[in-house]
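Down below is the structure, laid out as C-alpha cells.
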Amino acid sequence: MKKRIVGYADQISVAPGEAIEFKVTADGIDLYRADIARLISCDHHPGGSGTREEVIENPVSGAYDGRWQDTYAGSYAVIDDAAPFDALESFTLQAMIWPTMPDRGRQVILGKWSEADETGYALVIDNGGALALMIGDGPGSARVVSTGLALSERIWCFAGASFDAASGMVQVYQKAMIEYALSEGTAEVEEVVAPDPPGKTAAPLMIAASCGGQARGGVIGARHYDGKIDSPRVANRALGLDEMSGLMRRPIPDELQPAIVAAWDLARGVRSTRIEDASVNNLHGRLVNLPARAMKGYNWTGAEMNWRHAPEQYGAIHFHHDDLYDAGWETDFSFTVPDGLASGVYCARLEASGEVDRIPFVVRPPRDKATNDVACLVPTASYMAYANEHVGVDSEMSEVLMGHLSGLKPEDLMLNEHREWGYSLYEVHADGSGVCYSSRLRPVLNWRPGYTIPWVGAAGTAAWQWPADIHIVAWLDAMGHGCDFITDEDLHAEGLGLLERYRCVLTGSHPEYYSTRMWDALDGYLGQGGRLMYLGGNGFYWRIAYHDTLPGVLELRRAEDGIRDWVAEPGEYYHSFSGEYGGLWRRLGRPPQGLVGVGMATQGFDISGYFRRTPGSNDPRAAFVFEGVTDEIIGDFGTVGGGAAGLELDRCDHSLGSPPHTLVLATSENLTHLYFLCPEEVNSVGPIDSARETNLARGDITFVETADGGAVFSASSISWAGSLSWNGFDNNVSKITDNVLRRFLDPAPF
Amino acid sequence: MYAIDPSRTDLVEEFRKTPVGHHSPELQKVMNLLRAERFPGKHVLICTKPFKEWRLARLSGVRGEAPEVVEGAVYTTVEEAEWAVFKIRWKAHTGEDLD
C-alpha cells in the first residue's frame with residue numbers, strides 16, 4: 001500500500017532542444033529503471049480508456065541507483081556575512097514577535113547558534129513557551145536565562161535580551177502589546193552568568209531558525225520559529241530597556257547608531273527574497289523556503305490595507321516550520337527533448353519492484369512556432385494550487401460536505417508521512433495560517449496519471465486536475481486530432497503572441513487560477529477572432545501571481561469572499577509577489593461571464609448530473625454543435641461521478657456579464673442536494689441555497705460569438721471531460737466536443 | 001439540535017439502497033451527524049486496488065500519523081464499505097446494532 005519511489009522535475013514545460021532534470025528518491029530500492037514516455041491515457045475506471053503510454057527511445061532510458069533524498073522544510077533568513085556577528089562579545093538581540101505556536105518546543109527567533117555544537121548565542125522561545133537568551137560554548141554548557149512567562153499565541157510582543165561579557169549580566173525583557181486584566185503580559189529578568197563571550201561557531205546569523213548542520217552547500221534550518229517577526233535588531237553591547245526601545249524608533253537616534261550591528265527593515269524588498277539591513281553596515285540577508293511577506297506588522301493601524309501604501313506598517317514576515325520552496329534534490333538524470341518530438345503530455349516513468357511512478361511534464365512545440373492549429377492550454381497554475389493537498393487525512397468535516405467516505409491512495413499515505421514536501425493552497429500551515437505560496441520544485445504526488453482524489457466521488461474515485469485532463473489527451477488521440485500543448489506558465493510569459501498562433505484553444509477541466517497576464521492574453525485572443533473551447537468548470541475564478549524572478553512558484557490571497565479553504569487576514573489581501581489586490585476575479589471586477597459567457601455557480605462532490613438540451617439549442621447558429629446528436633439528454637454517463645454535469649459548474653448570467661447573445665444550449669439536471677450556491681452569491685445564509693431549491697445552482701452549456709469571427713463554447717462542467725471516453729469514445733459528449741472542434745478549426749466566420 | 005431516532009429504520013433502508021447520491025431531507029439530517037464523526041478515530045477508506053478493493057482505517061487527525069488499518073475489514077464495492085461504516089456509526093449514536 002505504500003509508495004516507495006517518487007520524483008519531481010525542474011521544469012514543467014520544455015521545447016525541443018531543451019533539457020529537463022529529474023530528481024528521484026527511493027525508499028529501500030537500490031535500482032530502478034527510468035524511461036521517458038508519452039501519456040495517451042491513464043484511467044483505471046471500469047468504463048474508462050485504460051492505460052496507454054508510448055515509451056520514447058532515448059539515451060536517458062536505463063537503470064539508475066536508488067537512494068533516499070532528504071527535504072529540509074521550514075523558512076528562515078540567513079545573513080551570509082558572518083564576521084560582524086562572530087566578533088560580538090557583549091551584545092543585544094531584539095525583535096517584535098507574534099508567535100503562533102509558542103508551545104511547540106524550543107524555537108529560535110534570532111541568533112548565531114549551532115545545534116550540533118551547542119555553541120553561539122540566540123534569542124529563543126524555550127520549552128516552556130517563554131522568552132529566553134541562550135549563550136553556549138560546547139555541549140551541555142549553555143547559559144540560559146528565561147523570563148519563565150509563557151508567551152501568548154498571536155499577540156505582538158516585544159522580545160529583547162542583552163549580555164554584558166565583562167560582568168556576565170543577562171537581561172531578558174518580554175512585553176506583550178495587549179495586556180489583559182487578570183493575566184500577566186510583561187516579564188523582566190536579570191541574572192548573572194559566567195562572564196565569557198559566546199563560543200565561536202561557523203553557523204551564520206539566522207532569523208527564525210538555528211543551524212542544524214550543512215547539506216548541499218548550505219545550512220540546514222533547525223528549531224524553526226512559527227509566527228511573525230518584525231524589526232529584528234542586533235547591537236554590539238548590552239543595551240538598557242530604554243535603548244532597546246530607541247532601536248524601534250524611526251529614524252534610530254544618533255546616539256544609538258554606534259551600537260547597531262544590524263537593523264533589518266523587513267518591509268523593504270517585499271517582492272524579493274532579500275532582507276535589507278537599514279543600518280550603514282549593509283548586512284543584508286536572504287530568505288529560504290519563502291516565508292510569507294506583505295504581512296501586517298506590530299504597528300498596523302488598519303488605516304491602510306495596501307502594503308505598498310504604508311510599508312512601515314507591513315514590516316513583518318510570517319515564518320513557518322512547514323514552508324517549502326525548493327526541495328533541492330540532486331538530479332538523477334536529465335532528458336533533452338529531441339528535435340521533432342511531438343508536443344504532448346509526457347512523463348519520466350520510473351519502475352522498481354513492480355511499482356511505477358510517473359513524473360509528468362509537457363513537451364511544447366518549438367518556441368517560435370505552432371505545429372498544429374489547435375492548442376491545449378494545460379492549466380498548470382491550477383495544478384500547483386492543489387499540489388500535495390492533504391484534505392483527505394487532515395479534514396474532519398469535509399466528509400459531511402462531500403457526502404461519501406474519503407478514499408486514500410498510496411500517494412496520500414506517502415504525503416501524510418512526508419509533511420516536509422509542503423502543502424497546497426487549500427490548506428493551513430500547522431500553525432493555522434493560510435498557505436499562500438505553492439511551488440512545483442518538490443515532489444507533488446497528486447500529479448500522477450491514474451490517481452483519483454480522496455474527497456471527490458464515492459470512495460474518492462474521481463480523477464481531478466492533471467489526472468482528469470489526461471481524459472482530454474486520450475480523446476484528442478482517439479478522435480485523430482493533432483494538438484499542441486502549452487501551459488499557464490508559457491501563457492503568462494508570452495501572452496497573446498503565443499495564443500494567436502492557434503485557430504482554436506482548449507482549456508483543461510478545471511482552469512481555476514489565472515494571473516492578470518494570462519487573463520488579458522486570453523481576452524485579447526477572443527477579441528481578435530480566437531476560438532476557445534472551455535472544456536471545464538469553475539474556471540477563471542481566483543487571481544494568482546507569479547514571482548518576478550523565482551521560477552516555479554505562485555501566490556494566492558483568499559481575500560474577501562469565495563470558496564475559501566483558508567481566509568486571508570484583514571489587511572493581507574494584497575499579493576507580495578505583484579502588489580495586486582488578491583481574491584476572486586469576480587470581486588476584482590471581472591466576473592468570468594464577461595470573458596467566456598459563463599461563470600462559477602455551484603459545486604458538489606458526491607455524484608454528477610447530466611445535461612438536458614434547451615429549446616434554444618435548436619437555433620441555427622448552434623446547428624453544428626448537435627450534428628449527428630438526436631438525444632435530448634446529454635452525458636448521463638461518465639467516469640467522473642457518473643455524468644457530464646458534475647463537481648463544479650458554471651452558469652450563464654447576464655447580470656454578471658454574459659453577452660446578450662449568449663446561446664444556452666443545455667442545462668444541468670439531477671444535481672444532488674449537496675450542490676450549493678457559492679459563498680459569494682449568498683449575502684444571507686438561508687434555506688434555499690442548494691440545487692434542489694434554487695435554479696441558480698446549475699450548469700449551462702453555452703455558445704457565444706466574439707469579435708472578428710471568434711467564439712467560445714463552454715461545457716461549463718468539470719466532469720464533462722470524464723464522459724468523453726465512455727463506450728469507446730462513441731457517445732454524445734464526445735460527438736458534441738468533436739463537432740465544435742471541427743467547426744472551430746474551420747476559419748469561416750459564424 | 002437534531003438527534004437520530006433509532007426507530008427510523010426507513011432511513012436506514014434508504015441509505016442502504018443509495019449510500020451516495022440523492023437523499024431525502026430527513027436522511028441528510030442523519031448523514032450530517034454520522035459523517036461528522038470526529039478525530040481521533042474517524043473512519044476512512046484506503047484503496048488497495050483502484051475501483052476494486054478498499055480497506056477500512058481510522059484517522060487520528062494528527063498530521064503525519066499513519067491511519068490505523070482495521071484488520072479484516074476489506075470491501076470490494078463502495079456500497080459495502082459505506083454500509084459497514086454506517087452500521088458502526090449508527091451504533092455509536094443510538095446504541096443499536098443493524099443487521
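Residues are named by chain letter and number: chains run A, B, ... in the order of the C-alpha cells, numbers start at 1 in each chain, and ligands are numbered from 1 in the order shown.
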Legend entry - Distance-based interface of chain A with chain B, 8 Å, counting only C-alpha atoms, as JSON, numbers by chain: {"A": [1, 44, 45, 46, 393, 394, 395, 396, 397, 399, 400, 403, 404, 405, 406, 407, 408, 409, 410, 413, 416, 417, 418, 419, 458, 459, 461, 606, 607, 672, 673]}
Go ahead and write the selection's residues with C-alpha atoms as a PDB file, in the first residue's frame.
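What follows is the written file selection.pdb:
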ATOM      1  CA  MET A   1       0.000   0.000   0.000  1.00  0.00           C
ATOM      2  CA  HIS A  44      -8.486   2.759 -14.165  1.00  0.00           C
ATOM      3  CA  HIS A  45     -12.255   3.295 -14.056  1.00  0.00           C
ATOM      4  CA  PRO A  46     -14.016   0.149 -15.334  1.00  0.00           C
ATOM      5  CA  VAL A 393      -6.484  12.895   6.001  1.00  0.00           C
ATOM      6  CA  ASP A 394      -6.492  16.306   7.676  1.00  0.00           C
ATOM      7  CA  SER A 395     -10.109  17.405   7.332  1.00  0.00           C
ATOM      8  CA  GLU A 396     -12.563  16.367   9.993  1.00  0.00           C
ATOM      9  CA  MET A 397     -15.690  17.899   8.489  1.00  0.00           C
ATOM     10  CA  GLU A 399     -16.939  14.282   4.683  1.00  0.00           C
ATOM     11  CA  VAL A 400     -20.235  15.981   5.571  1.00  0.00           C
ATOM     12  CA  GLY A 403     -21.445  13.030   1.110  1.00  0.00           C
ATOM     13  CA  HIS A 404     -19.160   9.997   0.949  1.00  0.00           C
ATOM     14  CA  LEU A 405     -16.211   8.398   2.735  1.00  0.00           C
ATOM     15  CA  SER A 406     -12.728   9.582   1.818  1.00  0.00           C
ATOM     16  CA  GLY A 407     -10.671   7.087  -0.123  1.00  0.00           C
ATOM     17  CA  LEU A 408      -6.908   7.323   0.364  1.00  0.00           C
ATOM     18  CA  LYS A 409      -4.353   6.110  -2.190  1.00  0.00           C
ATOM     19  CA  PRO A 410      -0.695   5.196  -1.735  1.00  0.00           C
ATOM     20  CA  LEU A 413      -0.337   7.853   2.599  1.00  0.00           C
ATOM     21  CA  ASN A 416       0.777  12.204   5.041  1.00  0.00           C
ATOM     22  CA  GLU A 417       4.052  10.715   6.193  1.00  0.00           C
ATOM     23  CA  HIS A 418       6.276  13.264   4.452  1.00  0.00           C
ATOM     24  CA  ARG A 419       4.950  16.621   5.573  1.00  0.00           C
ATOM     25  CA  ALA A 458     -17.770   7.909  -3.864  1.00  0.00           C
ATOM     26  CA  ALA A 459     -14.754   6.415  -2.046  1.00  0.00           C
ATOM     27  CA  THR A 461     -12.813   7.574  -7.213  1.00  0.00           C
ATOM     28  CA  ASP A 606     -20.850  13.061  -4.497  1.00  0.00           C
ATOM     29  CA  ILE A 607     -22.253  12.268  -7.932  1.00  0.00           C
ATOM     30  CA  THR A 672     -27.985  16.364  -5.655  1.00  0.00           C
ATOM     31  CA  HIS A 673     -28.988  18.388  -2.607  1.00  0.00           C
TER      32      HIS A 673
END
Inset, instruction - For range 618-620 of chain A, list every protein, DNA or RNA residue within 10 Å, evaluated using only C-alpha atoms, and leave out those in the same chain fewer than 4 positions away; present the list as a VMD selection string. - result: chain A and resid 613 to 614 624 to 626 663 to 665
Legend entry - Point-to-point distance in Å for CA of Val598 in chain A and CA of Glu572 in chain A: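 Separation of CA of Glu572 in chain A and CA of Val598 in chain A: 29.4 Å.
Neighbouring residues of Trp264 in chain A at 6 Å or closer, counting only C-alpha atoms and skipping chain neighbours under 5 positions away, are Pro232, Glu276, Asp277 and Ala278 of chain A.
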Inset, instruction - Could you give me, as a PyMOL selection string, the residues within 9 Å of Tyr2 in chain B, counting only C-alpha atoms and dropping anything in the same chain fewer than 2 positions from it? - result: chain B and resi 4+29-30+33
Once you have the residues from the selection above, write them out as an mmCIF file, in the first residue's frame, restricted to N, CA and C atoms.
data_model
loop_
_atom_site.group_PDB
_atom_site.id
_atom_site.type_symbol
_atom_site.label_atom_id
_atom_site.label_comp_id
_atom_site.auth_asym_id
_atom_site.auth_seq_id
_atom_site.Cartn_x
_atom_site.Cartn_y
_atom_site.Cartn_z
ATOM 1 N N ILE B 4 -30.748 11.568 16.273
ATOM 2 C CA ILE B 4 -31.231 10.432 15.465
ATOM 3 C C ILE B 4 -32.258 9.630 16.245
ATOM 4 N N LYS B 29 -30.227 14.741 7.284
ATOM 5 C CA LYS B 29 -30.001 15.172 8.674
ATOM 6 C C LYS B 29 -29.245 14.090 9.445
ATOM 7 N N VAL B 30 -29.611 12.842 9.184
ATOM 8 C CA VAL B 30 -28.894 11.724 9.810
ATOM 9 C C VAL B 30 -27.439 11.711 9.342
ATOM 10 N N LEU B 33 -24.976 14.130 10.847
ATOM 11 C CA LEU B 33 -24.418 13.722 12.139
ATOM 12 C C LEU B 33 -23.394 12.605 11.975
#
Inset, instruction - Would you mind listing what lies within 6 Å of Phe158 in chain A as a VMD selection string, with only C-alpha atoms counted and same-chain residues fewer than 2 positions away left out? - result: chain A and resid 96 174 to 175
Inset, instruction - Would you mind writing down, as a PyMOL selection string, each residue of range 210-267 of chain A that DSSP on the backbone assigns to alpha helix (DSSP H)? - result: chain A and resi 241-246
Legend entry - Separation of CA of Leu324 in chain A from CA of Ala82 in chain A, in Å and rounded to one decimal: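 Between CA of Leu324 in chain A and CA of Ala82 in chain A the gap works out to 24.6 Å.
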Legend entry - Residue with smallest distance to Arg557 in chain A - pool A:Thr639, A:Ser438, A:Ser162, A:Thr380, counting only C-alpha atoms: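 Under the stated criterion, the closest residue is A:Ser438.
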Inset, instruction - Show which residues sit within 12 Å of Leu532 in chain A, as a PyMOL selection string. Count only C-alpha atoms, and ignore same-chain residues fewer than 4 positions away. - result: chain A and resi 374-377+499-500+502-508+522-528+536+595-597+702-706+709-715+737+740-741+743-745
Please produce a file of the residues just selected, as a CSV table (one decimal), in the first residue's frame, where the atoms kept are N, CA and C atoms.
chain,number,residue,atom,x,y,z
A,374,VAL,N,-4.6,23.8,-33.3
A,374,VAL,CA,-5.3,23.8,-32.0
A,374,VAL,C,-4.3,23.6,-30.9
A,375,ALA,N,-4.4,24.3,-29.8
A,375,ALA,CA,-3.6,24.1,-28.7
A,375,ALA,C,-4.4,23.8,-27.5
A,376,CYS,N,-3.9,22.9,-26.6
A,376,CYS,CA,-4.5,22.6,-25.3
A,376,CYS,C,-3.7,23.4,-24.3
A,377,LEU,N,-4.4,24.3,-23.6
A,377,LEU,CA,-3.7,25.1,-22.6
A,377,LEU,C,-3.8,24.4,-21.3
A,499,LEU,N,-0.9,32.7,-28.0
A,499,LEU,CA,-2.2,32.2,-28.4
A,499,LEU,C,-2.6,32.4,-29.9
A,500,GLU,N,-2.2,33.6,-30.4
A,500,GLU,CA,-2.7,33.9,-31.7
A,500,GLU,C,-2.0,33.1,-32.8
A,502,TYR,N,-2.8,30.1,-32.9
A,502,TYR,CA,-3.8,29.0,-33.0
A,502,TYR,C,-5.2,29.4,-33.4
A,503,ARG,N,-5.8,28.6,-34.2
A,503,ARG,CA,-7.1,28.9,-34.6
A,503,ARG,C,-8.1,28.6,-33.4
A,504,CYS,N,-7.7,27.7,-32.6
A,504,CYS,CA,-8.6,27.2,-31.5
A,504,CYS,C,-7.7,26.9,-30.3
A,505,VAL,N,-8.2,27.2,-29.1
A,505,VAL,CA,-7.5,26.8,-27.9
A,505,VAL,C,-8.5,26.0,-27.0
A,506,LEU,N,-8.0,24.9,-26.4
A,506,LEU,CA,-8.9,24.2,-25.5
A,506,LEU,C,-8.4,24.4,-24.1
A,507,THR,N,-9.3,24.5,-23.1
A,507,THR,CA,-8.8,24.5,-21.7
A,507,THR,C,-8.8,23.1,-21.2
A,508,GLY,N,-8.3,23.0,-20.0
A,508,GLY,CA,-8.4,21.7,-19.2
A,508,GLY,C,-9.8,21.7,-18.5
A,522,LEU,N,-5.8,35.9,-22.9
A,522,LEU,CA,-7.0,35.2,-23.4
A,522,LEU,C,-8.1,36.2,-23.9
A,523,ASP,N,-8.2,37.2,-23.2
A,523,ASP,CA,-9.2,38.2,-23.6
A,523,ASP,C,-8.9,38.8,-24.9
A,524,GLY,N,-7.6,39.1,-25.1
A,524,GLY,CA,-7.1,39.7,-26.3
A,524,GLY,C,-7.3,38.7,-27.5
A,525,TYR,N,-7.1,37.4,-27.2
A,525,TYR,CA,-7.2,36.4,-28.2
A,525,TYR,C,-8.6,36.3,-28.7
A,526,LEU,N,-9.6,36.3,-27.7
A,526,LEU,CA,-11.0,36.2,-28.1
A,526,LEU,C,-11.5,37.5,-28.8
A,527,GLY,N,-10.8,38.6,-28.6
A,527,GLY,CA,-11.2,39.8,-29.2
A,527,GLY,C,-10.7,40.0,-30.6
A,528,GLN,N,-9.9,39.1,-31.0
A,528,GLN,CA,-9.4,39.2,-32.4
A,528,GLN,C,-9.6,37.9,-33.2
A,536,GLY,N,-14.3,22.8,-19.2
A,536,GLY,CA,-14.3,22.6,-17.8
A,536,GLY,C,-15.3,23.4,-17.0
A,595,LEU,N,-15.8,37.1,-19.7
A,595,LEU,CA,-14.7,36.6,-20.5
A,595,LEU,C,-15.2,35.5,-21.4
A,596,VAL,N,-15.9,34.5,-20.8
A,596,VAL,CA,-16.2,33.3,-21.6
A,596,VAL,C,-17.7,33.0,-21.7
A,597,GLY,N,-18.6,33.9,-21.1
A,597,GLY,CA,-20.0,33.7,-21.2
A,597,GLY,C,-20.7,33.0,-20.0
A,702,THR,N,-22.9,26.6,-23.2
A,702,THR,CA,-23.2,27.8,-24.0
A,702,THR,C,-22.3,27.9,-25.2
A,703,PHE,N,-22.8,28.7,-26.2
A,703,PHE,CA,-22.0,29.1,-27.3
A,703,PHE,C,-22.2,30.6,-27.5
A,704,VAL,N,-21.1,31.3,-27.7
A,704,VAL,CA,-21.2,32.7,-27.9
A,704,VAL,C,-20.2,33.2,-28.9
A,705,GLU,N,-20.6,34.0,-29.8
A,705,GLU,CA,-19.6,34.5,-30.8
A,705,GLU,C,-18.9,35.7,-30.2
A,706,THR,N,-17.6,35.9,-30.6
A,706,THR,CA,-16.9,37.1,-30.2
A,706,THR,C,-16.4,37.8,-31.4
A,709,GLY,N,-15.0,37.0,-35.8
A,709,GLY,CA,-15.1,35.6,-36.1
A,709,GLY,C,-14.7,34.7,-35.0
A,710,GLY,N,-14.5,35.2,-33.8
A,710,GLY,CA,-14.1,34.4,-32.7
A,710,GLY,C,-15.4,33.8,-32.0
A,711,ALA,N,-15.1,32.9,-31.1
A,711,ALA,CA,-16.3,32.3,-30.4
A,711,ALA,C,-15.8,31.5,-29.2
A,712,VAL,N,-16.7,31.3,-28.3
A,712,VAL,CA,-16.4,30.4,-27.1
A,712,VAL,C,-17.5,29.4,-27.0
A,713,PHE,N,-17.1,28.1,-26.8
A,713,PHE,CA,-18.0,27.1,-26.4
A,713,PHE,C,-17.6,26.7,-25.0
A,714,SER,N,-18.6,26.7,-24.1
A,714,SER,CA,-18.4,26.3,-22.7
A,714,SER,C,-19.1,25.1,-22.4
A,715,ALA,N,-18.4,24.0,-22.0
A,715,ALA,CA,-19.0,22.8,-21.4
A,715,ALA,C,-19.5,23.1,-20.0
A,737,THR,N,-18.3,17.6,-28.6
A,737,THR,CA,-17.0,18.2,-28.5
A,737,THR,C,-16.3,18.1,-29.8
A,740,VAL,N,-17.7,20.6,-32.3
A,740,VAL,CA,-17.3,22.0,-32.0
A,740,VAL,C,-15.9,22.2,-32.5
A,741,LEU,N,-15.0,21.3,-32.1
A,741,LEU,CA,-13.6,21.4,-32.5
A,741,LEU,C,-13.5,21.5,-34.0
A,743,ARG,N,-15.7,22.5,-36.2
A,743,ARG,CA,-16.2,23.8,-36.7
A,743,ARG,C,-15.3,25.0,-36.3
A,744,PHE,N,-14.7,24.9,-35.1
A,744,PHE,CA,-13.8,26.0,-34.6
A,744,PHE,C,-12.5,26.0,-35.4
A,745,LEU,N,-12.1,24.9,-36.0
A,745,LEU,CA,-10.9,24.8,-36.8
A,745,LEU,C,-11.2,25.4,-38.2
Inset, instruction - Using only C-alpha atoms, pick whichever of A:Tyr383, A:Tyr325, A:Tyr546, A:Trp566 has the shortest atom-to-atom distance to Glu427 in chain A. - result: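 Among A:Tyr383, A:Tyr325, A:Tyr546, A:Trp566, it is A:Trp566 that comes nearest to Glu427 in chain A.
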Legend entry - Test item: residues at most 7 Å from range 127-134 of chain A, only C-alpha atoms, excluding those fewer than 3 positions along its chain, as a ChimeraX atom specification: /A:102-103,105-106,121-124,142-151,161,172,174
Could those residues be written to a file, using N, CA and C atoms, as a CSV table (one decimal), in the first residue's frame?
chain,number,residue,atom,x,y,z
A,102,PRO,N,3.8,28.9,20.3
A,102,PRO,CA,4.8,29.1,21.3
A,102,PRO,C,5.0,27.8,22.2
A,103,ASP,N,4.0,26.9,22.1
A,103,ASP,CA,4.1,25.7,22.9
A,103,ASP,C,4.7,24.5,22.2
A,105,GLY,N,7.7,23.9,21.6
A,105,GLY,CA,9.1,23.5,22.0
A,105,GLY,C,10.1,24.6,21.6
A,106,ARG,N,11.3,24.4,22.0
A,106,ARG,CA,12.3,25.4,21.8
A,106,ARG,C,12.4,25.8,20.3
A,121,TYR,N,25.0,32.0,20.2
A,121,TYR,CA,24.1,32.8,21.1
A,121,TYR,C,22.7,32.9,20.3
A,122,ALA,N,21.6,33.0,21.1
A,122,ALA,CA,20.3,33.0,20.4
A,122,ALA,C,19.2,33.5,21.3
A,123,LEU,N,18.4,34.3,20.8
A,123,LEU,CA,17.1,34.7,21.4
A,123,LEU,C,16.1,33.6,21.0
A,124,VAL,N,15.5,33.0,22.0
A,124,VAL,CA,14.6,31.8,21.7
A,124,VAL,C,13.3,31.9,22.5
A,142,ALA,N,25.4,25.3,28.0
A,142,ALA,CA,24.7,26.5,27.6
A,142,ALA,C,24.2,27.3,28.9
A,143,ARG,N,24.4,28.6,28.8
A,143,ARG,CA,23.9,29.5,29.8
A,143,ARG,C,22.6,30.0,29.3
A,144,VAL,N,21.5,29.7,30.1
A,144,VAL,CA,20.2,30.1,29.6
A,144,VAL,C,19.5,30.9,30.7
A,145,VAL,N,18.9,32.0,30.2
A,145,VAL,CA,18.1,32.9,31.2
A,145,VAL,C,16.8,33.0,30.5
A,146,SER,N,15.7,32.6,31.3
A,146,SER,CA,14.4,32.7,30.7
A,146,SER,C,13.5,33.6,31.6
A,147,THR,N,12.5,34.2,31.0
A,147,THR,CA,11.6,35.0,31.7
A,147,THR,C,10.6,34.1,32.5
A,148,GLY,N,10.5,32.9,32.1
A,148,GLY,CA,9.5,32.0,32.8
A,148,GLY,C,8.1,32.3,32.5
A,149,LEU,N,7.8,33.3,31.7
A,149,LEU,CA,6.4,33.7,31.5
A,149,LEU,C,6.0,33.2,30.1
A,150,ALA,N,5.1,32.3,30.0
A,150,ALA,CA,4.7,31.7,28.7
A,150,ALA,C,4.1,32.8,27.8
A,151,LEU,N,4.6,32.8,26.6
A,151,LEU,CA,4.1,33.8,25.6
A,151,LEU,C,2.7,33.5,25.2
A,161,ALA,N,16.8,40.8,24.6
A,161,ALA,CA,17.8,40.3,25.6
A,161,ALA,C,19.2,40.8,25.4
A,172,VAL,N,16.6,39.9,30.2
A,172,VAL,CA,15.6,39.4,29.2
A,172,VAL,C,14.3,40.2,29.5
A,174,GLN,N,10.4,40.8,28.1
A,174,GLN,CA,9.2,40.3,27.3
A,174,GLN,C,8.0,41.2,27.7
Inset, instruction - Could you pull out the residues in chain B that DSSP calls strand (DSSP E) from the backbone, as a PyMOL selection string? - result: chain B and resi 42-49+53-59+68-75
Restricted to N, CA and C atoms, what would the selected residues look like written as a compact mmCIF listing (two decimals), in the first residue's frame?
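Saved as result-v5.txt:
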# COMPACT_ATOMS: atom_id res chain seq x y z
N LYS B 42 -11.72 8.79 13.28
CA LYS B 42 -12.63 8.99 12.15
C LYS B 42 -12.35 7.94 11.08
N HIS B 43 -13.41 7.31 10.59
CA HIS B 43 -13.25 6.24 9.61
C HIS B 43 -12.94 6.78 8.23
N VAL B 44 -12.07 6.07 7.55
CA VAL B 44 -11.65 6.45 6.20
C VAL B 44 -11.34 5.16 5.44
N LEU B 45 -11.39 5.23 4.13
CA LEU B 45 -11.04 4.05 3.32
C LEU B 45 -9.64 4.20 2.76
N ILE B 46 -8.95 3.09 2.64
CA ILE B 46 -7.68 3.07 1.91
C ILE B 46 -7.89 2.17 0.71
N CYS B 47 -7.66 2.73 -0.47
CA CYS B 47 -7.88 1.98 -1.70
C CYS B 47 -6.66 1.12 -1.99
N THR B 48 -6.86 -0.19 -1.99
CA THR B 48 -5.72 -1.09 -2.23
C THR B 48 -5.69 -1.57 -3.68
N LYS B 49 -6.83 -1.56 -4.35
CA LYS B 49 -6.85 -1.84 -5.80
C LYS B 49 -7.83 -0.85 -6.42
N GLU B 53 -10.92 -2.59 -4.61
CA GLU B 53 -10.77 -3.05 -3.23
C GLU B 53 -10.37 -1.90 -2.32
N TRP B 54 -11.03 -1.89 -1.16
CA TRP B 54 -10.74 -0.88 -0.14
C TRP B 54 -10.64 -1.54 1.23
N ARG B 55 -9.79 -0.95 2.07
CA ARG B 55 -9.71 -1.38 3.46
C ARG B 55 -10.14 -0.24 4.36
N LEU B 56 -10.62 -0.61 5.53
CA LEU B 56 -11.09 0.39 6.48
C LEU B 56 -9.94 0.83 7.37
N ALA B 57 -9.89 2.11 7.68
CA ALA B 57 -8.85 2.63 8.57
C ALA B 57 -9.44 3.75 9.40
N ARG B 58 -8.69 4.17 10.41
CA ARG B 58 -9.16 5.24 11.29
C ARG B 58 -8.07 6.30 11.39
N LEU B 59 -8.50 7.56 11.31
CA LEU B 59 -7.56 8.68 11.34
C LEU B 59 -7.47 9.27 12.74
N GLU B 68 -4.77 4.13 11.04
CA GLU B 68 -4.69 2.80 11.65
C GLU B 68 -5.62 1.86 10.92
N VAL B 69 -5.06 0.87 10.25
CA VAL B 69 -5.88 -0.06 9.46
C VAL B 69 -6.70 -0.94 10.40
N VAL B 70 -7.98 -1.10 10.08
CA VAL B 70 -8.84 -2.00 10.84
C VAL B 70 -8.70 -3.39 10.22
N GLU B 71 -8.13 -4.32 10.96
CA GLU B 71 -7.84 -5.64 10.39
C GLU B 71 -9.10 -6.37 9.96
N GLY B 72 -9.03 -7.00 8.85
CA GLY B 72 -10.13 -7.84 8.39
C GLY B 72 -11.26 -7.10 7.71
N ALA B 73 -11.21 -5.78 7.68
CA ALA B 73 -12.32 -5.02 7.06
C ALA B 73 -11.92 -4.68 5.63
N VAL B 74 -12.27 -5.55 4.71
CA VAL B 74 -11.93 -5.39 3.30
C VAL B 74 -13.21 -5.38 2.48
N TYR B 75 -13.32 -4.46 1.54
CA TYR B 75 -14.56 -4.32 0.76
C TYR B 75 -14.24 -4.29 -0.72
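The space between CA of Leu241 in chain A and CA of Asp137 in chain A spans 26.5 Å.
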Inset, instruction - Determine the nearest neighbour of Phe86 in chain B from the options B:Lys17, B:Glu26, B:Leu98, B:Ala3, counting only C-alpha atoms. - result: B:Leu98
